[in-house]
$ cat my_file.txt   # compact mmCIF, C-alpha atoms
# COMPACT_ATOMS: atom_id res chain seq x y z
CA MET I 29 16.70 -33.78 58.08
CA PHE I 30 15.52 -32.99 61.58
CA VAL I 31 12.03 -33.79 62.91
CA GLN I 32 10.40 -33.08 66.25
CA SER I 33 6.89 -33.56 67.56
CA PHE I 34 5.44 -30.43 69.14
CA ALA I 35 2.13 -32.12 70.10
CA SER I 36 0.08 -35.16 69.14
CA GLY I 37 -3.45 -36.08 70.17
CA SER I 38 -7.03 -34.91 70.23
CA SER I 39 -6.00 -31.69 71.99
CA GLY I 40 -3.64 -30.68 69.21
CA ASN I 41 -1.22 -31.92 66.55
CA CYS I 42 1.91 -30.26 65.19
CA TYR I 43 5.25 -31.57 63.88
CA PHE I 44 8.37 -29.66 62.90
CA VAL I 45 10.47 -30.75 59.93
CA SER I 46 13.78 -29.22 58.85
CA CYS I 47 15.21 -30.04 55.41
CA GLY I 48 18.42 -28.09 54.93
CA ASP I 49 17.44 -24.44 55.20
CA THR I 50 13.74 -25.22 54.68
CA LEU I 51 11.53 -25.37 57.79
CA ILE I 52 8.03 -26.85 57.64
CA LEU I 53 5.17 -27.56 60.04
CA LEU I 54 2.95 -30.60 59.61
CA ASP I 55 -0.39 -29.30 60.93
CA ALA I 56 -0.88 -26.34 63.27
CA GLY I 57 -3.32 -27.72 65.82
CA ILE I 58 -1.88 -25.96 68.85
CA SER I 59 -1.85 -22.25 69.64
CA CYS I 60 0.47 -19.81 67.95
CA ARG I 61 2.06 -19.24 71.35
CA GLY I 62 2.69 -22.97 71.74
CA ILE I 63 4.23 -23.28 68.28
CA THR I 64 6.35 -20.18 68.80
CA GLY I 65 7.63 -21.42 72.16
CA ALA I 66 8.61 -24.79 70.68
CA LEU I 67 10.39 -23.08 67.81
CA ARG I 68 12.31 -20.82 70.17
CA LEU I 69 13.60 -23.86 72.05
CA ASN I 70 15.12 -24.85 68.71
CA ARG I 71 16.42 -21.29 68.23
CA TYR I 72 13.95 -20.44 65.48
CA SER I 73 11.21 -17.84 65.14
CA PRO I 74 7.85 -17.99 63.31
CA THR I 75 9.24 -16.12 60.30
CA ASP I 76 11.74 -18.96 59.73
CA ILE I 77 8.88 -21.31 58.76
CA GLN I 78 8.36 -21.49 54.98
CA GLY I 79 5.45 -23.93 54.78
CA ILE I 80 2.54 -25.32 56.80
CA LEU I 81 1.06 -28.60 55.55
CA LEU I 82 -2.50 -29.22 56.75
CA THR I 83 -3.90 -32.75 56.77
CA HIS I 84 -7.56 -31.74 57.29
CA GLU I 85 -9.83 -29.16 58.86
CA HIS I 86 -10.51 -30.59 62.33
CA SER I 87 -9.71 -28.20 65.17
CA ASP I 88 -6.89 -30.28 66.61
CA HIS I 89 -5.02 -29.81 63.31
CA VAL I 90 -5.81 -26.19 62.38
CA LYS I 91 -6.39 -24.45 65.72
CA GLY I 92 -3.32 -22.22 65.45
CA VAL I 93 -3.05 -21.78 61.71
CA GLU I 94 -4.78 -18.41 61.36
CA VAL I 95 -2.67 -16.54 63.90
CA PHE I 96 0.55 -18.39 63.13
CA ALA I 97 0.19 -17.91 59.37
CA LYS I 98 -0.37 -14.19 59.90
CA ARG I 99 2.72 -13.93 62.08
CA SER I 100 5.01 -16.17 60.05
CA LYS I 101 3.88 -15.22 56.50
CA ALA I 102 4.43 -18.92 55.65
CA LYS I 103 2.72 -20.60 52.73
CA VAL I 104 -0.16 -22.83 53.85
CA PHE I 105 -0.95 -25.98 51.89
CA ALA I 106 -4.22 -27.97 51.90
CA THR I 107 -6.54 -29.74 49.47
CA PRO I 108 -9.36 -27.70 47.85
CA ASP I 109 -12.06 -29.34 49.99
CA THR I 110 -10.05 -28.74 53.13
CA TRP I 111 -9.64 -25.07 52.22
CA SER I 112 -13.41 -24.79 51.73
CA ALA I 113 -14.04 -26.40 55.11
CA ILE I 114 -11.48 -24.14 56.83
CA GLN I 115 -13.19 -21.08 55.38
CA ARG I 116 -16.61 -22.30 56.55
CA LEU I 117 -15.14 -22.52 60.04
CA GLY I 118 -14.31 -18.83 59.83
CA ILE I 119 -10.54 -19.37 59.82
CA GLU I 120 -8.88 -16.72 57.68
CA VAL I 121 -5.61 -17.15 55.86
CA ALA I 122 -4.42 -14.46 53.46
CA GLN I 123 -5.18 -15.33 49.84
CA GLY I 124 -1.53 -14.99 48.89
CA GLN I 125 -0.57 -17.60 51.48
CA GLN I 126 -3.09 -20.22 50.34
CA PHE I 127 -1.75 -23.05 48.19
CA VAL I 128 -3.66 -26.08 46.91
CA VAL I 129 -2.38 -29.66 47.02
CA GLU I 130 -3.69 -32.84 45.50
CA ALA I 131 -3.12 -36.38 46.73
CA GLY I 132 -0.50 -38.11 44.61
CA CYS I 133 0.94 -34.89 43.20
CA SER I 134 4.36 -33.97 44.59
CA PHE I 135 5.58 -30.40 44.97
CA GLU I 136 8.60 -28.64 46.40
CA ILE I 137 9.18 -26.15 49.19
CA GLY I 138 12.80 -25.12 49.05
CA ASP I 139 14.93 -28.13 49.99
CA ALA I 140 11.87 -30.31 50.68
CA LYS I 141 9.89 -32.49 48.31
CA VAL I 142 6.35 -33.09 49.59
CA THR I 143 3.97 -35.84 48.49
CA PRO I 144 0.40 -35.90 49.87
CA PHE I 145 -1.50 -39.20 49.88
CA PRO I 146 -5.13 -40.06 50.70
CA ALA I 147 -6.19 -40.81 54.27
CA TYR I 148 -9.61 -42.04 55.38
CA HIS I 149 -11.21 -39.88 58.02
CA ASP I 150 -14.57 -38.23 58.66
CA SER I 151 -13.36 -34.92 57.31
CA CYS I 152 -13.78 -33.31 53.93
CA ASP I 153 -10.58 -34.57 52.31
CA CYS I 154 -7.93 -35.85 54.71
CA VAL I 155 -4.39 -36.51 53.50
CA GLY I 156 -1.13 -37.73 54.95
CA TYR I 157 2.27 -36.48 53.85
CA VAL I 158 5.71 -37.75 52.97
CA VAL I 159 8.41 -35.09 53.22
CA GLU I 160 11.77 -35.81 51.61
CA ASP I 161 14.97 -33.87 52.24
CA LYS I 162 16.29 -33.26 48.73
CA ILE I 163 19.83 -32.84 50.06
CA THR I 164 20.14 -36.03 52.14
CA GLY I 165 17.37 -38.14 50.61
CA GLN I 166 15.87 -38.83 54.06
CA ARG I 167 12.10 -39.13 54.26
CA VAL I 168 9.47 -38.81 56.98
CA GLY I 169 5.94 -40.13 56.49
CA LEU I 170 2.93 -38.98 58.53
CA ALA I 171 -0.18 -41.20 58.58
CA THR I 172 -2.66 -40.24 61.30
CA ASP I 173 -6.41 -39.58 61.41
CA THR I 174 -7.34 -42.50 59.23
CA GLY I 175 -9.70 -45.34 60.07
CA CYS I 176 -8.16 -47.75 57.60
CA PHE I 177 -5.30 -47.99 55.12
CA ASP I 178 -4.77 -49.33 51.63
CA GLN I 179 -1.90 -50.32 49.40
CA GLY I 180 -1.54 -46.76 48.18
CA MET I 181 -0.79 -45.57 51.71
CA VAL I 182 1.63 -48.45 52.24
CA ASP I 183 3.44 -47.60 49.00
CA ALA I 184 3.64 -43.91 49.91
CA LEU I 185 5.22 -44.66 53.30
CA HIS I 186 7.57 -47.40 52.12
CA GLY I 187 11.20 -46.30 52.21
CA CYS I 188 10.81 -43.63 54.90
CA GLU I 189 13.50 -43.43 57.58
CA LEU I 190 10.90 -42.10 60.04
CA LEU I 191 7.30 -43.31 60.14
CA ILE I 192 4.77 -41.38 62.23
CA ILE I 193 1.86 -43.81 62.48
CA GLU I 194 -1.45 -43.46 64.28
CA SER I 195 -1.95 -45.79 67.24
CA ASN I 196 -5.08 -44.23 68.64
CA HIS I 197 -6.91 -46.81 70.71
CA ASP I 198 -7.15 -50.31 72.08
CA PRO I 199 -10.46 -51.79 70.87
CA GLU I 200 -11.25 -53.41 74.22
CA MET I 201 -10.54 -50.23 76.17
CA LEU I 202 -12.66 -48.26 73.69
CA ALA I 203 -15.56 -50.72 73.98
CA LYS I 204 -15.50 -50.61 77.81
CA GLY I 205 -14.70 -46.92 78.07
CA PRO I 206 -16.86 -43.89 78.92
CA TYR I 207 -17.57 -42.64 75.39
CA PRO I 208 -21.17 -42.71 74.08
CA SER I 209 -21.98 -45.45 71.56
CA PHE I 210 -22.06 -43.14 68.54
CA LEU I 211 -18.56 -41.85 69.32
CA LYS I 212 -17.21 -45.36 69.82
CA ARG I 213 -18.59 -46.34 66.42
CA ARG I 214 -17.03 -43.25 64.85
CA ILE I 215 -13.58 -43.91 66.29
CA ALA I 216 -13.60 -47.60 65.39
CA GLY I 217 -15.06 -47.05 61.90
CA GLU I 218 -13.27 -46.98 58.57
CA LYS I 219 -13.25 -43.16 58.70
CA GLY I 220 -12.21 -42.93 62.32
CA HIS I 221 -8.82 -43.71 63.83
CA LEU I 222 -6.38 -46.60 63.58
CA SER I 223 -6.25 -48.92 66.58
CA ASN I 224 -2.97 -50.17 68.01
CA GLN I 225 -3.30 -53.33 65.94
CA SER I 226 -4.23 -51.53 62.72
CA GLY I 227 -1.44 -49.00 63.14
CA ALA I 228 1.02 -51.83 63.72
CA ASP I 229 -0.29 -53.64 60.64
CA LEU I 230 0.27 -50.51 58.56
CA ALA I 231 3.79 -50.08 59.92
CA GLY I 232 4.53 -53.75 59.33
CA LYS I 233 3.62 -53.42 55.66
CA ALA I 234 5.33 -50.05 55.16
CA ILE I 235 8.59 -50.84 56.95
CA SER I 236 11.72 -51.23 54.86
CA SER I 237 15.44 -51.67 55.39
CA ARG I 238 15.68 -47.87 55.51
CA THR I 239 13.25 -47.48 58.43
CA GLU I 240 15.11 -46.26 61.51
CA CYS I 241 12.33 -44.98 63.76
CA ILE I 242 8.60 -45.41 64.22
CA TRP I 243 6.63 -42.91 66.28
CA LEU I 244 3.24 -43.96 67.64
CA ALA I 245 1.01 -40.90 67.35
CA HIS I 246 -2.43 -39.56 68.28
CA LEU I 247 -2.88 -41.89 71.29
CA SER I 248 -6.20 -41.52 73.10
CA ILE I 249 -5.84 -40.65 76.77
CA GLU I 250 -9.08 -42.46 77.63
CA ASN I 251 -8.91 -45.48 75.33
CA ASN I 252 -5.27 -46.43 75.17
CA ASP I 253 -2.14 -47.08 77.18
CA PRO I 254 1.34 -46.20 75.88
CA GLU I 255 2.85 -49.49 77.06
CA LEU I 256 0.10 -51.44 75.35
CA ALA I 257 0.59 -49.49 72.11
CA LEU I 258 4.34 -50.14 72.22
CA ALA I 259 3.89 -53.83 72.95
CA THR I 260 1.42 -54.25 70.09
CA MET I 261 3.73 -52.54 67.60
CA GLN I 262 6.73 -54.55 68.75
CA ARG I 263 4.87 -57.86 68.54
CA VAL I 264 3.63 -57.22 65.01
CA LEU I 265 6.99 -55.99 63.73
CA GLU I 266 8.85 -58.93 65.22
CA ARG I 267 6.63 -61.22 63.14
CA GLN I 268 7.18 -59.14 60.01
CA LEU I 269 10.96 -58.77 60.15
CA GLU I 270 13.36 -61.36 58.88
CA ARG I 271 15.28 -63.37 61.45
CA GLY I 272 18.22 -61.41 62.82
CA GLN I 273 16.92 -58.07 61.56
CA ASP I 274 16.86 -55.34 64.19
CA LEU I 275 13.64 -53.58 65.12
CA PRO I 276 13.48 -49.86 64.37
CA GLU I 277 13.43 -47.65 67.42
CA ILE I 278 9.79 -47.30 68.53
CA SER I 279 8.60 -44.28 70.54
CA VAL I 280 5.26 -42.98 71.77
CA VAL I 281 4.62 -39.33 70.91
CA PRO I 282 3.31 -37.43 73.96
CA ARG I 283 0.11 -35.45 73.71
CA ALA I 284 0.71 -31.90 74.89
CA MET I 285 4.46 -31.50 75.15
CA LEU I 286 7.57 -31.66 73.02
CA GLY I 287 8.15 -35.19 71.86
CA PRO I 288 10.91 -37.30 70.35
CA VAL I 289 13.39 -36.03 67.79
CA TYR I 290 14.83 -37.59 64.66
CA PRO I 291 17.66 -38.33 64.39
CA LYS I 292 17.82 -39.20 68.07
CA GLU I 293 21.42 -38.07 68.62
CA ARG I 294 20.46 -34.51 67.66
CA ILE I 295 18.86 -32.48 70.43
CA SER I 296 18.36 -29.43 68.24
CA PRO I 297 19.17 -28.51 64.64
CA LEU I 298 21.65 -25.90 65.88
CA PHE I 299 23.32 -27.74 68.77

$ encode --input "my_file.txt" --output "structure tokens"
Amino acid sequence: MFVQSFASGSSGNCYFVSCGDTLILLDAGISCRGITGALRLNRYSPTDIQGILLTHEHSDHVKGVEVFAKRSKAKVFATPDTWSAIQRLGIEVAQGQQFVVEAGCSFEIGDAKVTPFPAYHDSCDCVGYVVEDKITGQRVGLATDTGCFDQGMVDALHGCELLIIESNHDPEMLAKGPYPSFLKRRIAGEKGHLSNQSGADLAGKAISSRTECIWLAHLSIENNDPELALATMQRVLERQLERGQDLPEISVVPRAMLGPVYPKERISPLF
């Protein structure tokens, strides 16, 4: 398995996952040009992508899907309500490329096994995903754009080598920040975004002996600080782990540039 962040944040979200010969995108919230450029740095082209997994219909997750799907001919996966919302937005994906997913129901794309799970966001039907490499058994779990979490989400993420967890805001910075009151309530609500503390709590419950890396994702530029997010995650995990157990590697995913890779020692799938 190889994973790289192409972008993460309110301006766009996209992650690249390679399982054997199967290449997948988690969301397509940046332009087709941006996705194509990131793929070329990994010596791939759009037509190498077999699947695009959409979490929900908000622009920062689907902005590039229409053009990229047309260019790549990849299958695009989303829940029925998300497909309806995408169509209402005027985003067109060829009928033959549209595939429906349901939370809790696993499916396969080549060498990848994909399991969607419910997330809690102010969208029509937001989901997170766990992608498992059927060859190596490695798993990556993506849980962003959710205002809260439950045991089902914890169970879905448990056992992943890589956890991509939302760490959107610091509550005090949000409260004192420039956003209008209604937007602050939205972000902090149960269908908004996980705070640093909530994201750390989720990671602390989902972490297992297999967890190697945790990526802090979807950080707000106005209402958060990367060092604060890292410190919060580290403090919570240190309390959760047994004495003598090493912390997983913790990284902050940058907003509008290529981010960390998993596994860390691999710069590119082909190098």

$ closest_residue --input "my_file.txt" --among "I:Ser209, I:Leu117, I:Glu250, I:Cys188" --to "Pro276 in chain I" --atoms "only C-alpha atoms"
I:Cys188

$ closest_residue --input "my_file.txt" --among "I:Leu69, I:Ile77, I:Val159, I:Leu82" --to "Glu136 in chain I" --atoms "all atoms listed in the file"
I:Val159

$ closest_residue --input "my_file.txt" --among "I:Gly57, I:Ala122, I:Phe96, I:Cys42" --to "Pro74 in chain I" --atoms "all atoms listed in the file"
I:Phe96

$ closest_residue --input "my_file.txt" --among "I:Arg61, I:His149, I:His86, I:His246" --to "Gly220 in chain I" --atoms "all atoms listed in the file"
I:His149

$ atom_distance --input "my_file.txt" --atom1 "CA of Ala66 in chain I" --atom2 "CA of Thr174 in chain I"
26.4 Å

$ atom_distance --input "my_file.txt" --atom1 "CA of Phe145 in chain I" --atom2 "CA of Leu53 in chain I"
16.8 Å

$ atom_distance --input "my_file.txt" --atom1 "CA of Phe105 in chain I" --atom2 "CA of Ile215 in chain I"
26.2 Å

$ closest_residue --input "my_file.txt" --among "I:Arg283, I:His221, I:Arg116, I:Lys101" --to "Cys176 in chain I" --atoms "only C-alpha atoms"
I:His221

$ closest_residue --input "my_file.txt" --among "I:Cys154, I:Ala102, I:Met201, I:Cys60" --to "Gln126 in chain I" --atoms "only C-alpha atoms"
I:Ala102

$ residues_near_point --input "my_file.txt" --point "(-8.7, -27.2, 70.3)" --cutoff "10 Å" --atoms "only C-alpha atoms" --output "ChimeraX atom specification"
/I:38-41,57-59,86-92

$ residues_around --input "my_file.txt" --residues "Lys292 in chain I" --least-positions-apart "3" --cutoff "12 Å" --atoms "all atoms listed in the file" --output "number ranges by chain"
I: 29-32, 190, 240-243, 277-279, 287-289, 295-297

$ residues_around --input "my_file.txt" --residues "Val264 in chain I" --least-positions-apart "5" --cutoff "12 Å" --atoms "only C-alpha atoms" --output "PyMOL selection string"
chain I and resi 224-233+235+257-259+269+275

$ axis_aligned_box --input "my_file.txt" --around "range 166-179 of chain I" --padding-each-side "4 Å" --output "AutoDock Vina command-line options"
--center_x 3.1 --center_y -44.6 --center_z 55.4 --size_x 33.6 --size_y 19.5 --size_z 20.0

$ residues_around --input "my_file.txt" --residues "Ile137 in chain I" --least-positions-apart "6" --cutoff "9 Å" --atoms "only C-alpha atoms" --output "MDAnalysis selection string"
chainID I and resid 50:52 78:79

$ write_last_selection --input "my_file.txt" --atoms "C-alpha atoms" --output "PDB file, keeping the file's coordinate frame"
ATOM      1  CA  THR I  50      13.740 -25.220  54.680  1.00  0.00           C
ATOM      2  CA  LEU I  51      11.530 -25.370  57.790  1.00  0.00           C
ATOM      3  CA  ILE I  52       8.030 -26.850  57.640  1.00  0.00           C
ATOM      4  CA  GLN I  78       8.360 -21.490  54.980  1.00  0.00           C
ATOM      5  CA  GLY I  79       5.450 -23.930  54.780  1.00  0.00           C
TER       6      GLY I  79
END

$ residues_around --input "my_file.txt" --residues "Arg238 in chain I" --least-positions-apart "2" --cutoff "6 Å" --atoms "all atoms listed in the file" --output "ChimeraX atom specification"
/I:187,189,236

$ build_atoms --input "my_file.txt" --residues "range 52-77 of chain I" --atoms "N, CA and C atoms" --output "tab-separated table (two decimals), keeping the file's coordinate frame"
chain	number	residue	atom	x	y	z
I	52	ILE	N	9.43	-26.57	57.96
I	52	ILE	CA	8.03	-26.85	57.64
I	52	ILE	C	7.32	-27.31	58.91
I	53	LEU	N	6.04	-26.98	59.01
I	53	LEU	CA	5.17	-27.56	60.04
I	53	LEU	C	4.19	-28.52	59.37
I	54	LEU	N	4.03	-29.68	59.98
I	54	LEU	CA	2.95	-30.60	59.61
I	54	LEU	C	1.81	-30.37	60.60
I	55	ASP	N	0.76	-29.71	60.13
I	55	ASP	CA	-0.39	-29.30	60.93
I	55	ASP	C	-0.02	-28.18	61.90
I	56	ALA	N	-1.05	-27.46	62.34
I	56	ALA	CA	-0.88	-26.34	63.27
I	56	ALA	C	-2.06	-26.36	64.24
I	57	GLY	N	-2.17	-27.49	64.96
I	57	GLY	CA	-3.32	-27.72	65.82
I	57	GLY	C	-3.14	-27.30	67.26
I	58	ILE	N	-2.07	-26.56	67.53
I	58	ILE	CA	-1.88	-25.96	68.85
I	58	ILE	C	-1.80	-24.44	68.66
I	59	SER	N	-1.80	-23.71	69.74
I	59	SER	CA	-1.85	-22.25	69.64
I	59	SER	C	-0.58	-21.70	69.01
I	60	CYS	N	-0.70	-20.51	68.49
I	60	CYS	CA	0.47	-19.81	67.95
I	60	CYS	C	1.53	-19.65	69.04
I	61	ARG	N	1.10	-19.37	70.25
I	61	ARG	CA	2.06	-19.24	71.35
I	61	ARG	C	2.80	-20.54	71.59
I	62	GLY	N	2.06	-21.67	71.54
I	62	GLY	CA	2.69	-22.97	71.74
I	62	GLY	C	3.70	-23.30	70.65
I	63	ILE	N	3.32	-23.02	69.39
I	63	ILE	CA	4.23	-23.28	68.28
I	63	ILE	C	5.46	-22.38	68.40
I	64	THR	N	5.24	-21.12	68.70
I	64	THR	CA	6.35	-20.18	68.80
I	64	THR	C	7.31	-20.58	69.91
I	65	GLY	N	6.77	-21.00	71.06
I	65	GLY	CA	7.63	-21.42	72.16
I	65	GLY	C	8.47	-22.63	71.80
I	66	ALA	N	7.86	-23.60	71.10
I	66	ALA	CA	8.61	-24.79	70.68
I	66	ALA	C	9.70	-24.42	69.68
I	67	LEU	N	9.39	-23.51	68.77
I	67	LEU	CA	10.39	-23.08	67.81
I	67	LEU	C	11.56	-22.37	68.50
I	68	ARG	N	11.25	-21.55	69.48
I	68	ARG	CA	12.31	-20.82	70.17
I	68	ARG	C	13.25	-21.75	70.91
I	69	LEU	N	12.73	-22.87	71.41
I	69	LEU	CA	13.60	-23.86	72.05
I	69	LEU	C	14.59	-24.45	71.05
I	70	ASN	N	14.22	-24.41	69.77
I	70	ASN	CA	15.12	-24.85	68.71
I	70	ASN	C	15.84	-23.68	68.05
I	71	ARG	N	15.75	-22.51	68.69
I	71	ARG	CA	16.42	-21.29	68.23
I	71	ARG	C	15.90	-20.80	66.88
I	72	TYR	N	14.60	-20.95	66.67
I	72	TYR	CA	13.95	-20.44	65.48
I	72	TYR	C	12.82	-19.50	65.89
I	73	SER	N	12.35	-18.73	64.93
I	73	SER	CA	11.21	-17.84	65.14
I	73	SER	C	10.13	-18.18	64.11
I	74	PRO	N	8.91	-17.69	64.27
I	74	PRO	CA	7.85	-17.99	63.31
I	74	PRO	C	8.20	-17.63	61.87
I	75	THR	N	8.92	-16.55	61.66
I	75	THR	CA	9.24	-16.12	60.30
I	75	THR	C	10.24	-17.04	59.61
I	76	ASP	N	10.84	-17.98	60.35
I	76	ASP	CA	11.74	-18.96	59.73
I	76	ASP	C	10.98	-20.10	59.04
I	77	ILE	N	9.68	-20.24	59.35
I	77	ILE	CA	8.88	-21.31	58.76
I	77	ILE	C	8.45	-20.91	57.35
